[in-house]
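Student: protein.cif is the file, holding mmCIF, C-alpha atoms:
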data_data
#
loop_
_atom_site.label_atom_id
_atom_site.label_comp_id
_atom_site.auth_asym_id
_atom_site.auth_seq_id
_atom_site.Cartn_x
_atom_site.Cartn_y
_atom_site.Cartn_z
CA ALA J 1 117.18 88.03 112.06
CA THR J 2 118.90 86.32 114.97
CA THR J 3 122.66 85.93 115.05
CA GLU J 4 124.32 83.62 117.52
CA ILE J 5 128.10 83.78 117.80
CA TYR J 6 130.33 81.34 119.61
CA THR J 7 134.07 81.98 119.71
CA LEU J 8 136.46 79.19 120.56
CA SER J 9 140.14 79.80 121.28
CA LEU J 10 141.77 76.46 121.92
CA PRO J 11 144.00 76.71 125.01
CA THR J 12 147.47 75.31 124.62
CA LEU J 13 146.88 72.67 127.27
CA PHE J 14 143.73 71.41 125.59
CA ARG J 15 145.54 70.83 122.31
CA SER J 16 147.70 68.17 123.95
CA TRP J 17 146.91 64.57 123.07
CA THR J 18 147.46 63.66 126.72
CA VAL J 19 144.36 65.56 127.85
CA ARG J 20 142.05 64.91 124.91
CA ALA J 21 139.31 63.40 127.04
CA ILE J 22 139.34 66.37 129.44
CA MET J 23 139.30 68.74 126.49
CA ARG J 24 136.15 67.19 125.05
CA PHE J 25 134.33 67.33 128.38
CA LEU J 26 135.20 70.94 129.18
CA PHE J 27 134.65 72.04 125.61
CA ILE J 28 131.17 70.55 125.41
CA LEU J 29 130.35 72.01 128.81
CA SER J 30 131.45 75.46 127.65
CA CYS J 31 129.21 75.14 124.60
CA PHE J 32 126.17 74.84 126.85
CA VAL J 33 127.25 77.69 129.08
CA PHE J 34 128.17 80.22 126.40
CA SER J 35 125.76 79.41 123.61
CA SER J 36 122.44 78.27 125.00
CA LEU J 37 120.47 79.29 121.91
CA LEU J 38 122.68 77.40 119.49
CA PHE J 39 122.93 74.27 121.61
CA SER J 40 119.45 74.11 123.10
CA LYS J 41 118.17 72.10 120.13
CA ASP J 42 119.14 70.71 116.76
CA PHE J 43 119.00 73.19 113.90
CA TYR J 44 118.81 73.22 110.12
CA VAL J 45 121.13 75.19 107.87
CA ASN J 46 120.74 76.11 104.23
CA LYS J 47 124.37 76.98 103.67
CA ILE J 48 127.73 76.63 105.40
CA ASN J 49 130.49 79.14 104.67
CA PHE J 50 134.15 78.96 105.74
CA THR J 51 136.57 81.86 106.05
CA GLY J 52 140.27 81.59 106.87
CA LEU J 53 140.94 78.29 105.13
CA LYS J 54 144.29 78.21 103.32
CA TYR J 55 145.29 74.59 102.98
CA PHE J 56 142.00 72.76 103.43
CA SER J 57 138.88 73.01 101.29
CA PRO J 58 135.38 73.33 102.77
CA GLU J 59 134.57 69.99 101.15
CA PHE J 60 137.43 68.33 103.02
CA ILE J 61 136.20 69.71 106.35
CA LEU J 62 132.56 68.80 105.78
CA ASN J 63 133.41 65.29 104.61
CA ARG J 64 135.47 64.73 107.74
CA ILE J 65 132.78 65.85 110.18
CA GLU J 66 130.02 64.02 108.27
CA LEU J 67 127.14 66.47 108.70
CA ASP J 68 123.47 65.64 108.30
CA SER J 69 120.88 68.15 107.09
CA LYS J 70 119.90 68.55 110.72
CA ILE J 71 122.86 69.65 112.82
CA ASN J 72 123.42 68.87 116.47
CA GLY J 73 125.40 71.76 117.94
CA VAL J 74 127.43 69.76 120.45
CA LYS J 75 128.51 67.10 117.95
CA PHE J 76 129.26 69.71 115.32
CA PHE J 77 131.69 71.66 117.50
CA GLU J 78 133.20 68.50 118.93
CA ARG J 79 133.96 67.17 115.44
CA LEU J 80 135.56 70.46 114.42
CA VAL J 81 137.85 70.28 117.44
CA GLU J 82 138.68 66.61 116.84
CA LEU J 83 140.11 67.51 113.43
CA GLU J 84 142.98 69.13 115.38
CA ILE J 85 143.82 71.52 112.54
CA PHE J 86 142.55 74.82 113.98
CA ASP J 87 144.02 77.25 116.48
CA HIS J 88 140.85 79.34 116.57
CA ILE J 89 137.21 78.77 115.64
CA ASP J 90 134.50 81.43 115.44
CA ILE J 91 130.92 80.42 114.58
CA GLU J 92 128.01 82.59 113.41
CA LEU J 93 124.48 81.33 112.80
CA GLU J 94 122.16 83.76 111.01
CA ASN J 95 119.02 83.04 109.01
CA ASN J 96 119.88 79.36 108.79
CA GLN J 97 123.31 80.15 107.35
CA LEU J 98 126.36 78.95 109.26
CA THR J 99 129.59 80.91 108.92
CA ILE J 100 132.73 79.31 110.33
CA ASN J 101 135.73 81.61 110.73
CA VAL J 102 138.93 79.72 111.46
CA ILE J 103 142.66 80.13 111.90
CA GLU J 104 144.52 77.03 110.81
CA LYS J 105 147.43 75.65 112.77
CA PRO J 106 150.77 76.28 111.06
CA PHE J 107 152.75 73.39 109.62
CA VAL J 108 156.18 72.33 110.81
CA LYS J 109 158.57 73.19 108.00
CA ASN J 110 161.79 71.88 109.50
CA VAL J 111 163.20 70.55 112.78
CA THR J 112 166.85 71.09 113.75
CA ILE J 113 168.58 69.72 116.85
CA HIS J 114 171.82 71.11 118.22
CA GLY J 115 173.71 69.41 121.05
CA GLU J 116 172.43 65.84 120.88
CA PRO J 117 171.32 65.29 117.26
CA ASP J 118 172.21 61.58 117.17
CA ASP J 119 170.59 60.48 120.43
CA LEU J 120 168.17 57.69 119.48
CA HIS J 121 165.93 58.36 122.48
CA ILE J 122 165.53 62.01 121.44
CA LYS J 123 164.63 60.93 117.91
CA SER J 124 162.08 58.51 119.33
CA LEU J 125 160.50 61.28 121.44
CA LEU J 126 160.21 63.51 118.38
CA ILE J 127 158.25 60.77 116.63
CA ASP J 128 156.06 60.12 119.68
CA PHE J 129 155.13 63.82 119.95
CA ARG J 130 154.66 64.24 116.19
CA ILE J 131 157.32 66.93 115.96
CA LYS J 132 158.54 66.58 112.41
CA SER J 133 158.28 68.18 109.01
CA GLY J 134 154.75 68.16 107.62
CA GLU J 135 152.98 67.84 110.98
CA PHE J 136 150.91 70.59 112.56
CA TYR J 137 152.77 72.85 114.95
CA ASP J 138 151.60 72.43 118.54
CA ASP J 139 153.18 74.47 121.31
CA ALA J 140 151.81 72.12 123.98
CA LEU J 141 153.62 69.16 122.44
CA LEU J 142 156.87 71.13 122.39
CA LYS J 143 156.57 71.78 126.12
CA LEU J 144 155.84 68.12 126.83
CA PHE J 145 158.79 67.11 124.66
CA LYS J 146 161.07 69.45 126.62
CA THR J 147 159.89 67.97 129.92
CA ARG J 148 160.46 64.40 128.71
CA VAL J 149 163.96 65.21 127.44
CA ILE J 150 164.97 66.69 130.80
CA GLU J 151 163.45 63.73 132.68
CA TYR J 152 165.32 61.31 130.44
CA TYR J 153 168.75 62.86 130.99
CA VAL J 154 168.17 63.25 134.72
CA SER J 155 167.29 59.53 134.87
CA GLN J 156 170.61 58.82 133.15
CA GLY J 157 172.55 60.69 135.83
CA PHE J 158 173.06 64.03 134.08
CA ASN J 159 172.79 67.22 136.05
CA ASP J 160 171.43 70.59 134.95
CA CYS J 161 170.00 69.49 131.61
CA ARG J 162 168.78 72.42 129.54
CA VAL J 163 166.54 72.45 126.50
CA ASP J 164 166.17 75.71 124.58
CA ILE J 165 163.46 75.90 121.90
CA ARG J 166 163.35 78.54 119.20
CA THR J 167 160.53 78.82 116.67
CA TYR J 168 160.47 80.89 113.50
CA LEU J 169 157.11 81.48 111.83
CA ASP J 170 156.82 82.17 108.11
CA LYS J 171 153.47 83.99 108.05
CA ASN J 172 153.18 83.90 104.29
CA LYS J 173 153.44 80.10 104.20
CA ASN J 174 151.96 79.54 107.67
CA ALA J 175 154.95 77.30 108.40
CA VAL J 176 157.19 77.04 111.47
CA GLU J 177 160.85 76.14 111.72
CA ILE J 178 161.78 74.60 115.09
CA VAL J 179 165.31 74.67 116.48
CA PHE J 180 166.25 72.70 119.61
CA ASN J 181 169.44 73.34 121.54
CA ILE J 182 169.93 70.50 124.04
CA LYS J 183 172.65 70.49 126.70
CA LYS J 184 172.46 67.41 128.87
CA GLY J 185 174.91 68.75 131.47
CA ASP J 186 177.50 66.81 133.45
CA LEU J 187 177.17 63.35 134.92
CA LEU J 188 176.58 63.38 138.67
CA THR J 189 178.83 61.02 140.60
CA VAL J 190 178.56 59.80 144.18
CA LYS J 191 181.16 61.14 146.59
CA GLU J 192 179.94 59.14 149.61
CA ILE J 193 176.99 57.18 151.00
CA LEU J 194 176.23 57.51 154.69
CA ILE J 195 173.79 55.28 156.59
CA THR J 196 172.65 56.35 160.05
CA GLY J 197 170.34 54.74 162.60
CA ASN J 198 171.66 51.26 161.88
CA ASN J 199 172.27 49.20 165.06
CA ILE J 200 171.96 45.69 163.66
CA HIS J 201 174.01 45.23 160.51
CA ASP J 202 177.50 46.38 159.68
CA ARG J 203 177.49 49.50 157.50
CA LYS J 204 179.84 47.93 154.97
CA MET J 205 177.54 44.94 154.63
CA LEU J 206 174.57 47.20 153.90
CA LEU J 207 176.56 49.18 151.35
CA SER J 208 177.53 45.94 149.63
CA LEU J 209 173.86 45.56 148.70
CA PHE J 210 173.95 48.82 146.80
CA ALA J 211 174.44 48.96 143.05
CA THR J 212 175.43 52.58 143.68
CA ALA J 213 178.92 53.13 145.07
CA LYS J 214 181.15 56.07 145.78
CA SER J 215 183.77 56.98 143.20
CA ASN J 216 186.88 54.79 143.11
CA TRP J 217 189.64 53.81 140.70
CA LEU J 218 187.34 51.32 138.92
CA SER J 219 184.45 53.73 138.46
CA TRP J 220 185.50 54.61 134.92
CA PHE J 221 184.77 50.97 134.02
CA THR J 222 181.89 49.94 136.31
CA LYS J 223 180.02 53.28 136.18
CA SER J 224 178.69 52.37 139.64
CA ASP J 225 179.36 55.86 140.96
CA ILE J 226 176.89 57.51 138.56
CA TYR J 227 174.00 58.92 140.55
CA TYR J 228 170.40 58.80 139.52
CA LYS J 229 167.29 58.56 141.58
CA GLY J 230 165.97 55.28 140.18
CA LYS J 231 169.11 53.36 141.12
CA ILE J 232 169.16 54.76 144.66
CA LEU J 233 165.51 53.79 145.18
CA ALA J 234 166.27 50.26 144.00
CA ASP J 235 169.17 50.08 146.48
CA LEU J 236 166.92 51.19 149.33
CA ARG J 237 164.40 48.48 148.45
CA LYS J 238 167.18 45.90 148.91
CA ILE J 239 167.83 47.14 152.46
CA ARG J 240 164.14 47.08 153.27
CA THR J 241 163.79 43.54 151.92
CA LEU J 242 166.74 42.38 154.04
CA TYR J 243 165.27 43.68 157.29
CA LEU J 244 161.76 42.41 156.58
CA LYS J 245 163.07 38.93 155.79
CA GLU J 246 164.82 38.94 159.13
CA GLY J 247 161.56 39.72 160.91
CA TYR J 248 161.96 43.42 161.55
CA ILE J 249 158.40 44.30 160.55
CA ASN J 250 158.64 47.84 161.95
CA PHE J 251 161.67 48.68 159.86
CA GLN J 252 161.41 51.92 157.96
CA ILE J 253 163.57 54.39 156.10
CA ASN J 254 163.10 57.70 157.87
CA PHE J 255 164.57 59.91 155.18
CA VAL J 256 167.02 60.15 152.31
CA LYS J 257 168.89 63.40 151.76
CA ILE J 258 171.01 64.32 148.77
CA TYR J 259 173.71 66.97 149.13
CA LEU J 260 175.12 68.55 145.98
CA SER J 261 178.74 69.66 145.92
CA LYS J 262 179.68 73.27 145.18
CA ASN J 263 180.80 72.43 141.67
CA LYS J 264 177.49 70.57 141.11
CA LYS J 265 179.25 67.46 139.89
CA LYS J 266 179.16 65.21 142.96
CA VAL J 267 176.55 64.22 145.54
CA SER J 268 176.63 62.85 149.06
CA VAL J 269 173.80 60.50 149.98
CA LEU J 270 172.53 60.32 153.57
CA VAL J 271 170.12 57.50 154.48
CA ASP J 272 168.56 57.31 157.95
CA ILE J 273 166.90 54.02 158.92
CA PHE J 274 164.99 52.82 161.96
#
I'd like the structure from this file rewritten - as structure tokens, please.
Tutor:
Amino acid sequence: ATTEIYTLSLPTLFRSWTVRAIMRFLFILSCFVFSSLLFSKDFYVNKINFTGLKYFSPEFILNRIELDSKINGVKFFERLVELEIFDHIDIELENNQLTINVIEKPFVKNVTIHGEPDDLHIKSLLIDFRIKSGEFYDDALLKLFKTRVIEYYVSQGFNDCRVDIRTYLDKNKNAVEIVFNIKKGDLLTVKEILITGNNIHDRKMLLSLFATAKSNWLSWFTKSDIYYKGKILADLRKIRTLYLKEGYINFQINFVKIYLSKNKKKVSVLVDIF
């Protein structure tokens, strides 16, 4: 009797919906490399056995992957992966009997957010990344969610955003409770904007083009002193447009430097132009 075993441990990265296409390619490639006997040709099976199933029946799995009597190894493994319900797959083929040993992904039992529970953007991200009760737990999606939350608050002018994620696994129920603790940090404000290298236009005139301004007595109302990268880049495009319209085709912005104050609440912006 010949036994061919192929073990698949799905890497965290490959379980992310953002890299699904890459996952399929590398997974199929690995099938050829590690299991040449099983994938060299189509094969027939008399019986398919599953071990490790807790919440899904063998009938459910087989109906989803739509097997024929003659099995193509590549398509078979690809369809198992596309179900996105397994953390681990181990395959054994012996005497035309296929044994599939699996570990199912745990379910998300509950999601709790501390810090910013009412932020609509955060709620939207949770939906986008399928992080809610009843969905499968996916560590890769949690990491992507954390990155997007930090990027969002930074884009809104907050400094030192922190996202702490705690997970609690109930092994008996194969369910995970997720707890987020989000601290968006303090708003960064602009202390001053310096422009060097300018020999044509008055500095005050150039600064008047900026939507960003240093803190003043009206800042509490206008919010113009809040610093974030997107607004500064838009301001720099205005300067560039001005010079190009005036015929200075060699105009360029040499560099932009941001200096953070000791208390990490204010920034000084230095722009050098040529």
Student: Return as a ChimeraX atom specification the set of residues that the PyMOL selection byres ((chain J and resi 187) around 12) yields on the displayed structure.
Tutor: /J:153-161,183-186,188-190,223,225-228,263-267
Student: Have a look at J:Ile195, J:Ile85, J:Val102, J:Leu242 and name the one nearest to Glu135 in chain J; count all atoms listed in the file.
Tutor: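 Nearest candidate to Glu135 in chain J out of J:Ile195, J:Ile85, J:Val102, J:Leu242: J:Ile85.
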Student: Name the residues that the PyMOL selection byres ((chain J and resi 178-181) around 8) pulls out of this structure, and write them as a list in words.
Tutor: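 The output of the PyMOL selection byres ((chain J and resi 178-181) around 8) on this file is Val108, Lys109, Asn110, Val111, Thr112, Ile113, His114, Gly115, Val163, Asp164, Ile165, Arg166, Thr167, Tyr168, Val176, Glu177, Ile182 and Lys183 of chain J.
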Student: Could you tell me, as a PDB file with C-alpha atoms, in the frame of the given file, exactly which residues end up selected when the PyMOL selection byres ((chain J and resi 99) around 12) is applied to this structure?
Tutor:
ATOM      1  CA  THR J   3     122.660  85.930 115.050  1.00  0.00           C
ATOM      2  CA  GLU J   4     124.320  83.620 117.520  1.00  0.00           C
ATOM      3  CA  ILE J   5     128.100  83.780 117.800  1.00  0.00           C
ATOM      4  CA  TYR J   6     130.330  81.340 119.610  1.00  0.00           C
ATOM      5  CA  THR J   7     134.070  81.980 119.710  1.00  0.00           C
ATOM      6  CA  VAL J  45     121.130  75.190 107.870  1.00  0.00           C
ATOM      7  CA  ASN J  46     120.740  76.110 104.230  1.00  0.00           C
ATOM      8  CA  LYS J  47     124.370  76.980 103.670  1.00  0.00           C
ATOM      9  CA  ILE J  48     127.730  76.630 105.400  1.00  0.00           C
ATOM     10  CA  ASN J  49     130.490  79.140 104.670  1.00  0.00           C
ATOM     11  CA  PHE J  50     134.150  78.960 105.740  1.00  0.00           C
ATOM     12  CA  THR J  51     136.570  81.860 106.050  1.00  0.00           C
ATOM     13  CA  GLY J  52     140.270  81.590 106.870  1.00  0.00           C
ATOM     14  CA  PRO J  58     135.380  73.330 102.770  1.00  0.00           C
ATOM     15  CA  ILE J  89     137.210  78.770 115.640  1.00  0.00           C
ATOM     16  CA  ASP J  90     134.500  81.430 115.440  1.00  0.00           C
ATOM     17  CA  ILE J  91     130.920  80.420 114.580  1.00  0.00           C
ATOM     18  CA  GLU J  92     128.010  82.590 113.410  1.00  0.00           C
ATOM     19  CA  LEU J  93     124.480  81.330 112.800  1.00  0.00           C
ATOM     20  CA  GLU J  94     122.160  83.760 111.010  1.00  0.00           C
ATOM     21  CA  ASN J  95     119.020  83.040 109.010  1.00  0.00           C
ATOM     22  CA  ASN J  96     119.880  79.360 108.790  1.00  0.00           C
ATOM     23  CA  GLN J  97     123.310  80.150 107.350  1.00  0.00           C
ATOM     24  CA  LEU J  98     126.360  78.950 109.260  1.00  0.00           C
ATOM     25  CA  ILE J 100     132.730  79.310 110.330  1.00  0.00           C
ATOM     26  CA  ASN J 101     135.730  81.610 110.730  1.00  0.00           C
ATOM     27  CA  VAL J 102     138.930  79.720 111.460  1.00  0.00           C
TER      28      VAL J 102
END
Student: Could you tell me which of J:Tyr44, J:Phe60, J:Tyr137, J:Tyr152 comes closest to Ser124 in chain J if we count only C-alpha atoms?
Tutor: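 Among the listed residues, the smallest separation from Ser124 in chain J belongs to J:Tyr152.
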Student: Range 195-208 of chain J, all listed atoms, 5 Å padding on each side: what axis-aligned box centre and edge lengths in Å to one decimal come out, as AutoDock Vina command-line options?
Tutor:
--center_x 175.1 --center_y 50.6 --center_z 157.3 --size_x 19.5 --size_y 21.4 --size_z 25.4
Student: CA of Ile273 in chain J and CA of Thr196 in chain J, how far apart in Å?
Tutor: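 Result for CA of Thr196 in chain J versus CA of Ile273 in chain J: 6.3 Å, one decimal.
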Student: At a cut-off of 12 Å around the point (157.9, 74.1, 129.8) (file coordinates), what residues fall inside when counting only C-alpha atoms? I'd like the answer as a PyMOL selection string.
Tutor: chain J and resi 12-13+139-150+162-165
Student: What is the CA of Lys54 in chain J-CA of Lys105 in chain J distance in Å, reported with one decimal?
Tutor: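 Separating CA of Lys54 in chain J from CA of Lys105 in chain J is a distance of 10.3 Å.
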Student: Report the distance between CA of Val81 in chain J and CA of Leu125 in chain J in Å, rounded to one decimal place.
Tutor: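 Distance reported for this atom pair: 24.7 Å.
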Student: Nearest to Glu192 in chain J among J:Ile232, J:Met205, J:Ala213, J:Ile127, with distances taken over only C-alpha atoms: which residue is it?
Tutor: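 Of all the options, J:Ala213 lies closest to Glu192 in chain J.
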Student: Of the residues J:Ala175, J:Ile65, J:Ile200, J:Leu120, which is the one nearest to Phe107 in chain J, using all atoms listed in the file?
Tutor: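 Looking at the shortest contact to Phe107 in chain J, the residue is J:Ala175.
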